[in-house]
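Asks: This is upload.cif (mmCIF, C-alpha atoms).
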```
data_final
loop_
_atom_site.label_atom_id
_atom_site.label_comp_id
_atom_site.auth_asym_id
_atom_site.auth_seq_id
_atom_site.Cartn_x
_atom_site.Cartn_y
_atom_site.Cartn_z
CA MET O 6 64.08 79.82 75.66
CA THR O 7 63.88 81.21 79.21
CA GLU O 8 61.60 79.23 81.50
CA SER O 9 58.18 80.86 81.24
CA LYS O 10 57.37 80.24 84.91
CA ASN O 11 59.86 82.99 85.80
CA GLN O 12 58.40 85.51 83.34
CA LYS O 13 55.68 88.06 83.86
CA GLN O 14 52.36 87.57 82.11
CA GLN O 15 52.97 90.39 79.57
CA THR O 16 56.25 88.82 78.46
CA ARG O 17 54.57 85.43 78.04
CA ILE O 18 51.87 87.11 75.92
CA VAL O 19 54.43 88.75 73.65
CA GLN O 20 56.76 85.75 73.46
CA PRO O 21 54.62 82.63 73.94
CA GLU O 22 56.00 79.11 73.79
CA ASP O 23 53.82 77.69 71.01
CA ASN O 24 53.43 73.93 70.80
CA ILE O 25 51.72 73.14 67.50
CA THR O 26 51.40 69.59 66.20
CA PRO O 27 53.67 69.30 63.11
CA GLY O 28 52.70 67.85 59.74
CA PHE O 29 49.75 70.07 58.84
CA ALA O 30 49.21 70.51 55.08
CA SER O 31 46.48 72.07 52.93
CA PHE O 32 45.97 73.44 49.42
CA SER O 33 46.13 77.07 50.53
CA VAL O 34 49.30 79.11 50.86
CA PRO O 35 49.85 80.21 54.47
CA VAL O 36 49.60 83.93 55.13
CA ALA O 37 52.92 85.20 56.43
CA ARG O 38 52.49 88.71 57.82
CA ALA O 39 55.59 90.70 58.67
CA SER O 40 57.15 94.10 58.91
CA THR O 41 60.20 93.03 60.93
CA VAL O 42 62.03 89.94 59.69
CA VAL O 43 64.00 88.25 62.47
CA PHE O 44 67.63 87.21 61.87
CA PRO O 45 69.53 84.50 63.75
CA ASP O 46 72.61 86.65 64.28
CA LEU O 47 74.28 89.94 63.32
CA ALA O 48 76.43 88.30 60.66
CA SER O 49 73.25 87.33 58.77
CA ILE O 50 71.84 90.84 58.74
CA ARG O 51 75.18 92.40 57.83
CA SER O 52 75.60 90.07 54.86
CA LEU O 53 72.29 91.05 53.24
CA VAL O 54 72.30 91.91 49.53
CA TRP O 55 69.24 93.91 48.51
CA SER O 56 69.01 92.28 45.08
CA ASP O 57 69.19 88.70 46.39
CA ASP O 58 65.69 87.25 46.48
CA THR O 59 66.86 84.19 48.39
CA GLN O 60 67.36 86.41 51.46
CA TRP O 61 64.44 87.62 53.55
CA ARG O 62 65.04 91.24 54.52
CA TYR O 63 61.91 93.15 55.48
CA GLY O 64 58.19 92.53 55.09
CA LEU O 65 57.81 95.38 52.60
CA HIS O 66 60.19 93.63 50.21
CA GLY O 67 58.62 90.18 50.40
CA THR O 68 57.18 87.44 52.54
CA PRO O 69 56.70 83.74 51.71
CA THR O 70 53.11 84.59 50.73
CA THR O 71 53.87 87.50 48.41
CA THR O 72 56.88 85.72 46.91
CA THR O 73 54.77 82.67 46.12
CA LEU O 74 52.29 84.87 44.27
CA ALA O 75 55.08 86.64 42.37
CA GLN O 76 56.59 83.35 41.25
CA ARG O 77 53.26 81.97 40.07
CA LEU O 78 52.45 85.14 38.13
CA ALA O 79 55.84 85.07 36.38
CA ALA O 80 55.23 81.45 35.40
CA ILE O 81 51.78 82.23 33.93
CA GLU O 82 53.16 85.15 31.94
CA GLY O 83 56.22 83.27 30.73
CA GLY O 84 58.59 85.56 32.61
CA SER O 85 61.25 84.79 35.17
CA HIS O 86 60.69 87.50 37.79
CA ALA O 87 57.68 89.44 39.07
CA LEU O 88 57.44 92.40 41.42
CA LEU O 89 54.13 93.00 43.19
CA GLN O 90 52.67 96.50 43.40
CA PRO O 91 49.65 97.90 45.29
CA SER O 92 47.76 98.59 42.01
CA GLY O 93 48.07 98.32 38.25
CA LEU O 94 48.86 102.03 38.08
CA ALA O 95 51.59 101.57 40.68
CA ALA O 96 53.11 98.93 38.40
CA ILE O 97 53.07 101.42 35.52
CA SER O 98 54.63 104.04 37.79
CA ASN O 99 57.35 101.58 38.81
CA VAL O 100 58.37 101.23 35.15
CA TYR O 101 58.60 104.99 34.68
CA PHE O 102 60.52 105.71 37.87
CA GLY O 103 62.75 102.69 37.45
CA LEU O 104 63.82 103.31 33.87
CA VAL O 105 63.62 106.97 32.82
CA LYS O 106 64.99 110.27 34.08
CA SER O 107 64.82 113.95 33.18
CA GLY O 108 65.74 114.47 29.53
CA ASP O 109 64.70 110.98 28.42
CA HIS O 110 62.06 110.41 25.73
CA VAL O 111 59.11 108.01 26.07
CA LEU O 112 56.62 106.81 23.44
CA VAL O 113 53.05 106.05 24.53
CA PRO O 114 50.28 104.65 22.28
CA ASP O 115 47.29 106.91 21.74
CA ASN O 116 44.95 104.16 22.98
CA ALA O 117 46.76 103.63 26.29
CA TYR O 118 44.99 103.17 29.61
CA GLY O 119 43.90 106.66 30.69
CA PRO O 120 45.87 106.81 33.96
CA ASN O 121 49.02 105.86 32.03
CA ARG O 122 48.49 108.96 29.88
CA ASP O 123 47.91 111.05 33.00
CA HIS O 124 51.11 109.71 34.49
CA ALA O 125 53.08 110.48 31.32
CA ASP O 126 51.66 114.01 31.17
CA TRP O 127 52.61 114.56 34.82
CA LEU O 128 56.18 113.38 34.21
CA ALA O 129 56.43 115.64 31.16
CA ALA O 130 55.10 118.69 33.03
CA ASP O 131 56.96 118.30 36.33
CA PHE O 132 59.93 115.98 35.81
CA GLY O 133 61.38 116.92 32.44
CA ILE O 134 60.49 113.68 30.64
CA GLU O 135 59.73 114.07 26.93
CA VAL O 136 56.58 112.19 25.89
CA THR O 137 55.27 111.50 22.40
CA TYR O 138 51.91 109.83 21.76
CA TYR O 139 51.75 107.65 18.67
CA ASP O 140 49.16 105.97 16.46
CA PRO O 141 48.71 102.47 17.95
CA MET O 142 48.56 100.97 14.45
CA ILE O 143 51.96 102.36 13.43
CA GLY O 144 53.76 99.01 13.52
CA ALA O 145 57.37 99.11 12.31
CA GLY O 146 56.79 102.78 11.42
CA ILE O 147 57.62 103.46 15.08
CA ALA O 148 61.22 103.76 13.84
CA ASP O 149 60.39 107.22 12.46
CA LEU O 150 59.52 108.48 15.96
CA LEU O 151 62.66 107.31 17.71
CA ARG O 152 65.15 109.84 19.01
CA ALA O 153 68.65 109.58 20.39
CA ASN O 154 67.17 109.97 23.88
CA THR O 155 64.27 107.50 23.48
CA LYS O 156 64.50 105.11 26.43
CA LEU O 157 61.06 103.49 26.71
CA ILE O 158 58.21 102.47 24.39
CA TRP O 159 54.86 101.60 25.91
CA LEU O 160 52.55 99.11 24.21
CA GLU O 161 48.95 98.13 24.88
CA ALA O 162 47.18 95.44 22.90
CA PRO O 163 44.26 95.69 22.65
CA GLY O 164 43.66 99.28 23.74
CA SER O 165 41.60 99.23 26.93
CA VAL O 166 38.70 101.26 25.48
CA THR O 167 39.01 101.33 21.69
CA MET O 168 40.40 97.78 21.27
CA GLU O 169 42.94 98.33 18.49
CA VAL O 170 45.46 95.48 18.44
CA GLN O 171 49.00 96.75 17.96
CA ASP O 172 51.63 94.89 15.97
CA VAL O 173 53.65 94.25 19.10
CA PRO O 174 56.35 92.07 17.47
CA ALA O 175 57.05 94.70 14.79
CA ILE O 176 57.43 97.50 17.34
CA ALA O 177 59.44 95.39 19.79
CA LYS O 178 61.82 94.27 17.03
CA VAL O 179 62.56 97.88 16.07
CA ALA O 180 63.08 98.80 19.72
CA ARG O 181 65.43 95.90 20.37
CA THR O 182 67.68 96.79 17.43
CA ARG O 183 68.07 100.26 18.98
CA GLY O 184 68.51 99.10 22.57
CA ILE O 185 65.22 100.69 23.71
CA VAL O 186 63.16 99.05 26.45
CA THR O 187 59.58 98.03 25.64
CA ALA O 188 56.85 97.64 28.26
CA ILE O 189 53.35 96.35 27.55
CA ASP O 190 50.18 96.72 29.57
CA ASN O 191 49.07 93.11 29.18
CA THR O 192 46.15 93.30 31.60
CA TYR O 193 43.64 92.54 28.83
CA SER O 194 44.97 89.03 28.30
CA ALA O 195 45.85 88.32 31.95
CA GLY O 196 49.03 86.67 30.68
CA LEU O 197 46.87 83.89 29.24
CA ALA O 198 45.97 84.91 25.69
CA PHE O 199 49.11 86.82 24.75
CA LYS O 200 52.70 85.98 25.71
CA PRO O 201 54.71 89.20 25.32
CA PHE O 202 58.11 87.66 26.04
CA ASP O 203 57.68 85.40 23.03
CA HIS O 204 57.49 88.60 20.94
CA CYS O 205 60.64 90.36 22.24
CA VAL O 206 58.87 92.61 24.77
CA ASP O 207 61.05 93.41 27.80
CA ILE O 208 58.50 94.10 30.56
CA SER O 209 54.88 93.11 31.07
CA VAL O 210 52.61 95.06 33.40
CA GLN O 211 49.52 93.45 34.86
CA ALA O 212 46.67 94.90 36.91
CA LEU O 213 45.98 91.96 39.20
CA THR O 214 42.89 93.87 40.24
CA LYS O 215 41.22 92.33 37.18
CA TYR O 216 41.07 88.64 36.26
CA GLN O 217 43.72 87.45 38.71
CA SER O 218 41.62 88.71 41.61
CA GLY O 219 38.27 88.02 39.99
CA GLY O 220 36.30 89.45 42.89
CA SER O 221 36.26 93.23 42.29
CA ASP O 222 37.65 93.61 45.80
CA ILE O 223 41.46 93.64 45.54
CA LEU O 224 43.84 96.33 44.29
CA MET O 225 47.18 94.95 43.11
CA GLY O 226 49.57 95.03 40.17
CA ALA O 227 52.75 93.40 38.92
CA THR O 228 55.76 94.12 36.75
CA ILE O 229 57.13 90.97 35.11
CA THR O 230 60.35 90.47 33.15
CA ARG O 231 62.96 87.93 32.07
CA ASP O 232 65.82 90.42 32.30
CA VAL O 233 67.71 90.50 35.62
CA GLU O 234 69.22 93.92 34.91
CA LEU O 235 65.77 95.41 34.31
CA LEU O 236 64.43 93.57 37.34
CA ASN O 237 67.04 95.17 39.58
CA LYS O 238 66.29 98.65 38.22
CA LEU O 239 62.59 98.12 38.90
CA LYS O 240 63.27 96.56 42.28
CA ARG O 241 65.52 99.45 43.34
CA ALA O 242 62.84 102.00 42.38
CA ARG O 243 60.14 100.04 44.19
CA MET O 244 62.30 99.79 47.30
CA ARG O 245 63.07 103.52 47.31
CA LEU O 246 59.41 104.40 46.84
CA GLY O 247 58.49 102.18 49.78
CA VAL O 248 55.97 100.19 47.77
CA GLY O 249 54.66 96.81 48.89
CA VAL O 250 51.53 94.69 49.15
CA SER O 251 49.65 93.02 51.96
CA SER O 252 50.18 89.29 52.45
CA ASP O 253 46.46 89.01 53.17
CA ASP O 254 45.63 90.54 49.79
CA ALA O 255 48.22 88.34 48.11
CA SER O 256 46.58 85.27 49.63
CA LEU O 257 43.23 86.26 48.13
CA VAL O 258 44.77 86.54 44.67
CA LEU O 259 46.48 83.19 45.18
CA ARG O 260 43.11 81.69 46.04
CA SER O 261 41.65 82.96 42.75
CA LEU O 262 44.49 81.96 40.40
CA PRO O 263 43.48 78.30 39.93
CA SER O 264 40.12 79.33 38.45
CA MET O 265 41.41 82.26 36.37
CA LYS O 266 41.74 80.45 33.04
CA LEU O 267 38.30 78.86 33.39
CA ARG O 268 36.75 82.22 34.23
CA TYR O 269 38.58 83.94 31.38
CA GLU O 270 37.24 81.38 28.91
CA ALA O 271 33.70 81.81 30.25
CA HIS O 272 33.93 85.61 29.93
CA ASP O 273 35.29 85.15 26.40
CA ARG O 274 32.46 82.88 25.20
CA ALA O 275 29.72 85.15 26.49
CA ALA O 276 31.39 88.37 25.29
CA LEU O 277 31.96 87.06 21.77
CA ALA O 278 28.34 85.86 21.56
CA LEU O 279 26.99 89.24 22.70
CA ALA O 280 29.37 91.22 20.49
CA SER O 281 28.34 89.14 17.45
CA TRP O 282 24.67 89.72 18.24
CA LEU O 283 25.16 93.46 18.77
CA LYS O 284 26.76 93.64 15.33
CA THR O 285 23.34 92.81 13.87
CA ARG O 286 21.53 95.58 15.76
CA PRO O 287 20.51 98.66 13.73
CA GLU O 288 21.38 101.00 16.62
CA VAL O 289 25.05 99.94 16.49
CA ALA O 290 27.44 101.41 13.94
CA ALA O 291 30.52 99.38 14.92
CA VAL O 292 31.52 96.56 17.24
CA LEU O 293 35.10 96.75 18.50
CA HIS O 294 35.97 93.22 19.57
CA PRO O 295 39.44 91.94 18.63
CA ALA O 296 38.05 88.57 17.50
CA ILE O 297 35.56 90.21 15.10
CA ALA O 298 36.91 91.15 11.68
CA ASP O 299 35.87 94.84 11.79
CA CYS O 300 38.15 95.60 14.76
CA PRO O 301 41.42 97.36 13.83
CA GLY O 302 44.24 94.84 14.18
CA TYR O 303 41.98 91.79 13.82
CA ASP O 304 44.58 90.01 11.64
CA ILE O 305 47.25 90.71 14.23
CA PHE O 306 44.99 89.35 16.96
CA LYS O 307 44.43 86.13 15.02
CA ARG O 308 48.17 85.81 14.45
CA ASP O 309 49.52 86.60 17.92
CA PHE O 310 46.80 85.80 20.46
CA ASN O 311 45.98 82.29 21.55
CA GLY O 312 43.34 81.75 24.17
CA GLY O 313 40.49 84.13 23.48
CA ALA O 314 39.73 87.75 24.19
CA GLY O 315 38.19 87.70 27.65
CA GLY O 316 35.12 89.72 28.57
CA LEU O 317 35.93 93.24 27.36
CA PHE O 318 34.74 94.89 24.15
CA SER O 319 33.20 98.16 22.94
CA ILE O 320 30.44 99.26 20.61
CA VAL O 321 29.89 102.54 18.81
CA PHE O 322 26.32 103.73 18.47
CA ASP O 323 24.97 105.21 15.27
CA LYS O 324 25.79 108.91 15.08
CA ARG O 325 22.09 109.82 15.06
CA TYR O 326 21.99 109.07 18.79
CA SER O 327 23.18 111.80 21.15
CA ALA O 328 25.45 111.36 24.14
CA ALA O 329 22.46 111.97 26.40
CA GLN O 330 20.55 109.14 24.72
CA VAL O 331 23.47 106.78 25.11
CA ASP O 332 23.76 107.74 28.77
CA ALA O 333 20.08 106.92 29.15
CA PHE O 334 20.70 103.52 27.55
CA VAL O 335 23.49 102.73 30.00
CA GLU O 336 21.33 103.77 32.94
CA ALA O 337 18.43 101.66 31.61
CA LEU O 338 20.52 98.50 31.91
CA GLU O 339 19.61 96.47 34.96
CA LEU O 340 22.19 93.66 35.00
CA PHE O 341 25.11 95.88 33.98
CA SER O 342 26.51 98.06 36.72
CA ILE O 343 28.22 101.41 36.16
CA GLY O 344 31.74 101.52 37.51
CA TRP O 345 35.45 101.49 36.78
CA SER O 346 37.66 98.47 36.33
CA TRP O 347 36.59 94.97 35.28
CA GLY O 348 37.63 91.34 35.67
CA GLY O 349 35.10 90.32 38.31
CA SER O 350 31.88 88.32 38.19
CA HIS O 351 29.58 91.29 37.55
CA SER O 352 28.96 92.87 34.14
CA LEU O 353 29.69 96.57 33.60
CA ALA O 354 28.95 99.27 31.02
CA MET O 355 30.54 102.68 30.61
CA PRO O 356 30.23 105.39 27.91
CA TYR O 357 33.32 107.24 26.63
CA ASN O 358 34.00 110.38 24.62
CA VAL O 359 36.91 108.97 22.62
CA ARG O 360 37.76 112.12 20.70
CA SER O 361 38.70 113.85 23.94
CA MET O 362 41.12 110.99 24.69
CA ARG O 363 43.16 111.19 21.46
CA THR O 364 46.01 113.45 20.45
CA ALA O 365 48.05 111.49 17.88
CA SER O 366 45.56 109.50 15.80
CA GLN O 367 42.20 110.20 14.24
CA TRP O 368 39.17 108.48 15.70
CA PRO O 369 37.10 107.34 12.69
CA HIS O 370 33.68 107.13 14.36
CA ASP O 371 31.14 109.88 15.02
CA GLY O 372 28.90 107.97 17.41
CA VAL O 373 29.28 107.52 21.16
CA LEU O 374 31.30 104.52 22.39
CA VAL O 375 30.15 102.23 25.20
CA ARG O 376 32.55 99.71 26.67
CA PHE O 377 31.04 96.49 27.96
CA TYR O 378 32.58 94.08 30.40
CA ILE O 379 30.78 90.74 30.36
CA GLY O 380 30.76 89.02 33.72
CA LEU O 381 29.64 85.55 34.71
CA GLU O 382 25.88 86.07 34.51
CA ASP O 383 23.96 83.93 32.02
CA GLU O 384 24.57 85.29 28.52
CA SER O 385 20.89 85.06 27.54
CA ASP O 386 19.90 87.22 30.50
CA LEU O 387 22.49 89.84 29.58
CA ARG O 388 21.27 89.86 25.98
CA ALA O 389 17.69 90.34 27.12
CA ASP O 390 18.78 93.20 29.38
CA ILE O 391 20.59 94.97 26.54
CA GLU O 392 17.65 94.42 24.19
CA ASN O 393 15.24 95.82 26.76
CA ALA O 394 17.41 98.92 27.32
CA LEU O 395 17.75 99.48 23.57
CA GLY O 396 13.98 99.30 23.20
CA LYS O 397 13.36 101.69 26.07
CA THR O 398 15.90 104.22 24.89
CA PHE O 399 15.86 104.21 21.10
CA ALA O 400 12.36 103.05 20.18
#
```
Once you've parsed the file, please lay out its structure as structure tokens.
Replies:
Amino acid sequence: MTESKNQKQQTRIVQPEDNITPGFASFSVPVARASTVVFPDLASIRSLVWSDDTQWRYGLHGTPTTTTLAQRLAAIEGGSHALLQPSGLAAISNVYFGLVKSGDHVLVPDNAYGPNRDHADWLAADFGIEVTYYDPMIGAGIADLLRANTKLIWLEAPGSVTMEVQDVPAIAKVARTRGIVTAIDNTYSAGLAFKPFDHCVDISVQALTKYQSGGSDILMGATITRDVELLNKLKRARMRLGVGVSSDDASLVLRSLPSMKLRYEAHDRAALALASWLKTRPEVAAVLHPAIADCPGYDIFKRDFNGGAGGLFSIVFDKRYSAAQVDAFVEALELFSIGWSWGGSHSLAMPYNVRSMRTASQWPHDGVLVRFYIGLEDESDLRADIENALGKTFA
């Protein structure tokens, strides 16, 4: 390096001669921030291959921090490759834009995450994609819906509001025999309770905003696969869309990963206890928790899931209670906040009009549904809060 004594102050500020003692080590992953990646010579930059993950190219495409997170997520899920996205919805979008084009046909379960449905409807209206919604409990009957131009089948187990558990292996087996790609929104299980690649699914989508973050303060998603050809299609689409994530945000998710399984198990214990108690309440017509026998797909859950159900479940109130009364119940809760998303420490409650969300399957309940997310508060306090709100609202 040029002798600094001959340089102006501004140059020394921009290009300092750092002298840091070597040998530092800690448990945290260093945060590597970058837009520009510096190359040692022109031959190095001219030899770049966009699909080669062993080559650093540009900060948008990966840094040591974001790549570390991607590798750890793939390992948790049982995949080989993960691509980070700025949100769970961005990860869903990456699958669409990476794999389908005008004239292709996509199948989406009727219980899919609402923004996934919105995305599919947008692609059908403006981009010439054909979309069919299907009964989530169709199983191997999905074969009857396949067309010559079917390119992608979405799965979601359990459904993020109504909790039906699809027969993922049956659907994935049919798809594989026809050469059709399957993608599952596996956010519910955080890659812990359900291993989609063990059941012939091609792509798993995760909203890292949820359990992986655990703090209700990060937006991030991931697409995970074992298939290099699919990976490169997804990677090319992500690159062309200019999508990336902050190394600072990635470091926060990395910080939370070691406690994720412990938190997931704590959410699961409290949620199952509260769901079982709510099943005894006269105000409640149905409890939709995959680990409780009344939930559609309970047998499939017991067969395919290993590691609990996390903190999310729904209840359906008796039909004698109006939507306004159920709204009043939700607003009477003191320890449950009202808000979107889940996966953090704080409990949430949200009412839904399910009939307005369905187009391909009949919703069997007449009462209003409320989805609960059970956080890390003491379960007995949450039970008392629910009991108090029930008494105030329905007495």
Asks: Please build the interface table for range 130-238 of chain O against range 373-377 of chain O with a cut-off of 10 Å, listing for each qualifying residue the nearest atom pair and the distance in Å to one decimal; count all atoms listed in the file, order rows by chain and increasing number, and write it as JSON lines.
Replies:
```
{"residue": "O:Ser165", "atom": "CA", "partner": "O:Arg376", "partner_atom": "CA", "distance": 9.1}
{"residue": "O:Val166", "atom": "CA", "partner": "O:Arg376", "partner_atom": "CA", "distance": 6.5}
{"residue": "O:Thr167", "atom": "CA", "partner": "O:Arg376", "partner_atom": "CA", "distance": 8.3}
{"residue": "O:Met168", "atom": "CA", "partner": "O:Arg376", "partner_atom": "CA", "distance": 9.7}
```
Asks: Choose the residue, out of O:Ala175, O:Ala400, O:Val34, O:Leu283, that has the smallest atom-to-atom separation from Thr73 in chain O; count all atoms listed in the file.
Replies: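 Checking each of O:Ala175, O:Ala400, O:Val34, O:Leu283 against Thr73 in chain O, counting all atoms listed in the file, the winner is O:Val34.
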Asks: Name every residue that the PyMOL selection byres ((chain O and resi 341-352) around 10) selects in this structure, writing the answer as a PyMOL selection string with chains first and numbers rising.
Replies: chain O and resi 192-193+195+212-222+265+268-269+272+315-317+335-340+353-356+377-382+387+390-391
Asks: Do you have the CA of Asp254 in chain O-CA of Asp273 in chain O distance handy?
Replies: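 So the two atoms, CA of Asp254 in chain O and CA of Asp273 in chain O, lie 26.1 Å apart.
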Asks: Go through the shown structure with the PyMOL selection byres ((chain O and resi 121-136) around 8) and write out the matching residues as number ranges by chain.
Replies: O: 94, 97-98, 105-113, 117-120, 137-138
Asks: Counting only C-alpha atoms, which residues sit no farther than 9 Å from the position (68.6, 88.5, 42.7) in the file's frame? I'd like them as a list in words.
Replies: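 The residues that fall inside the cut-off are Val54, Trp55, Ser56, Asp57, Asp58, Thr59, Val233, Leu236 and Asn237 of chain O.
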Asks: Report as a PDB file with C-alpha atoms, keeping the file's coordinate frame the residues that result from applying the PyMOL selection byres ((chain O and resi 252) around 8) to the structure here.
Replies:
```pdb
ATOM      1  CA  VAL O  36      49.600  83.930  55.130  1.00  0.00           C
ATOM      2  CA  ALA O  37      52.920  85.200  56.430  1.00  0.00           C
ATOM      3  CA  ARG O  38      52.490  88.710  57.820  1.00  0.00           C
ATOM      4  CA  THR O  68      57.180  87.440  52.540  1.00  0.00           C
ATOM      5  CA  THR O  70      53.110  84.590  50.730  1.00  0.00           C
ATOM      6  CA  THR O  71      53.870  87.500  48.410  1.00  0.00           C
ATOM      7  CA  VAL O 250      51.530  94.690  49.150  1.00  0.00           C
ATOM      8  CA  SER O 251      49.650  93.020  51.960  1.00  0.00           C
ATOM      9  CA  ASP O 253      46.460  89.010  53.170  1.00  0.00           C
ATOM     10  CA  ASP O 254      45.630  90.540  49.790  1.00  0.00           C
ATOM     11  CA  ALA O 255      48.220  88.340  48.110  1.00  0.00           C
ATOM     12  CA  SER O 256      46.580  85.270  49.630  1.00  0.00           C
TER      13      SER O 256
END
```
Asks: Pick from O:Pro174, O:Pro163, O:Gly196, O:Pro263: nearest to Tyr303 in chain O, with only C-alpha atoms counted?
Replies: O:Pro163
Asks: Name the residues in contact with Ile50 in chain O at a cut-off of 10 Å, using all atoms listed in the file, excluding same-chain residues fewer than 5 positions from it; report them as a list in words.
Replies: Val42, Val43, Phe44, Pro45, Gln60, Trp61 and Arg62 of chain O
Asks: Rank O:Ala296, O:Leu259, O:Ile320, O:Ala177 by their smallest atom-to-atom distance to Phe32 in chain O, using only C-alpha atoms, and report the top residue only.
Replies: O:Leu259
Asks: Just the number, please: distance in Å from CA of Lys307 in chain O to CA of His294 in chain O, one decimal.
Replies: 11.9 Å
Asks: Let me make sure I understand: among O:Leu246, O:Ala39, O:Ile305, O:Ala278, which one has the smallest atom-to-atom distance to Val292 in chain O if we use only C-alpha atoms?
Replies: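 Answer, going by the shortest atom-to-atom distance: O:Ala278.
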Asks: So which one's closest to Thr187 in chain O, O:Ser327, O:Thr398, O:Gln211, O:Thr155? Using all atoms listed in the file, please.
Replies: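 So, comparing all the options, the nearest one is O:Thr155.
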Asks: Mind filling out range 363-376 of chain O with N, CA and C atoms and sending it as a PDB file, keeping the file's coordinate frame?
Replies:
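Saved to result_9.pdb:
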```
ATOM      1  N   ARG O 363      42.160 111.400  22.510  1.00  0.00           N
ATOM      2  CA  ARG O 363      43.160 111.190  21.460  1.00  0.00           C
ATOM      3  C   ARG O 363      43.926 112.468  21.159  1.00  0.00           C
ATOM      4  N   THR O 364      45.210 112.309  20.869  1.00  0.00           N
ATOM      5  CA  THR O 364      46.010 113.450  20.450  1.00  0.00           C
ATOM      6  C   THR O 364      46.888 113.137  19.242  1.00  0.00           C
ATOM      7  N   ALA O 365      47.101 111.856  18.933  1.00  0.00           N
ATOM      8  CA  ALA O 365      48.050 111.490  17.880  1.00  0.00           C
ATOM      9  C   ALA O 365      47.443 110.706  16.728  1.00  0.00           C
ATOM     10  N   SER O 366      46.206 110.287  16.855  1.00  0.00           N
ATOM     11  CA  SER O 366      45.560 109.500  15.800  1.00  0.00           C
ATOM     12  C   SER O 366      44.105 109.911  15.682  1.00  0.00           C
ATOM     13  N   GLN O 367      43.583 109.769  14.501  1.00  0.00           N
ATOM     14  CA  GLN O 367      42.200 110.200  14.240  1.00  0.00           C
ATOM     15  C   GLN O 367      41.237 109.089  14.598  1.00  0.00           C
ATOM     16  N   TRP O 368      40.219 109.439  15.356  1.00  0.00           N
ATOM     17  CA  TRP O 368      39.170 108.480  15.700  1.00  0.00           C
ATOM     18  C   TRP O 368      38.151 108.490  14.570  1.00  0.00           C
ATOM     19  N   PRO O 369      37.894 107.346  13.919  1.00  0.00           N
ATOM     20  CA  PRO O 369      37.100 107.340  12.690  1.00  0.00           C
ATOM     21  C   PRO O 369      35.592 107.354  12.892  1.00  0.00           C
ATOM     22  N   HIS O 370      35.120 107.262  14.123  1.00  0.00           N
ATOM     23  CA  HIS O 370      33.680 107.130  14.360  1.00  0.00           C
ATOM     24  C   HIS O 370      33.083 108.421  14.921  1.00  0.00           C
ATOM     25  N   ASP O 371      31.852 108.692  14.534  1.00  0.00           N
ATOM     26  CA  ASP O 371      31.140 109.880  15.020  1.00  0.00           C
ATOM     27  C   ASP O 371      30.222 109.579  16.193  1.00  0.00           C
ATOM     28  N   GLY O 372      29.834 108.323  16.335  1.00  0.00           N
ATOM     29  CA  GLY O 372      28.900 107.970  17.410  1.00  0.00           C
ATOM     30  C   GLY O 372      29.588 107.816  18.752  1.00  0.00           C
ATOM     31  N   VAL O 373      28.772 107.668  19.786  1.00  0.00           N
ATOM     32  CA  VAL O 373      29.280 107.520  21.160  1.00  0.00           C
ATOM     33  C   VAL O 373      29.669 106.068  21.407  1.00  0.00           C
ATOM     34  N   LEU O 374      30.811 105.868  22.069  1.00  0.00           N
ATOM     35  CA  LEU O 374      31.300 104.520  22.390  1.00  0.00           C
ATOM     36  C   LEU O 374      30.834 104.108  23.781  1.00  0.00           C
ATOM     37  N   VAL O 375      30.436 102.847  23.902  1.00  0.00           N
ATOM     38  CA  VAL O 375      30.150 102.230  25.200  1.00  0.00           C
ATOM     39  C   VAL O 375      31.009 100.981  25.320  1.00  0.00           C
ATOM     40  N   ARG O 376      31.765 100.917  26.408  1.00  0.00           N
ATOM     41  CA  ARG O 376      32.550  99.710  26.670  1.00  0.00           C
ATOM     42  C   ARG O 376      31.766  98.785  27.579  1.00  0.00           C
TER      43      ARG O 376
END
```
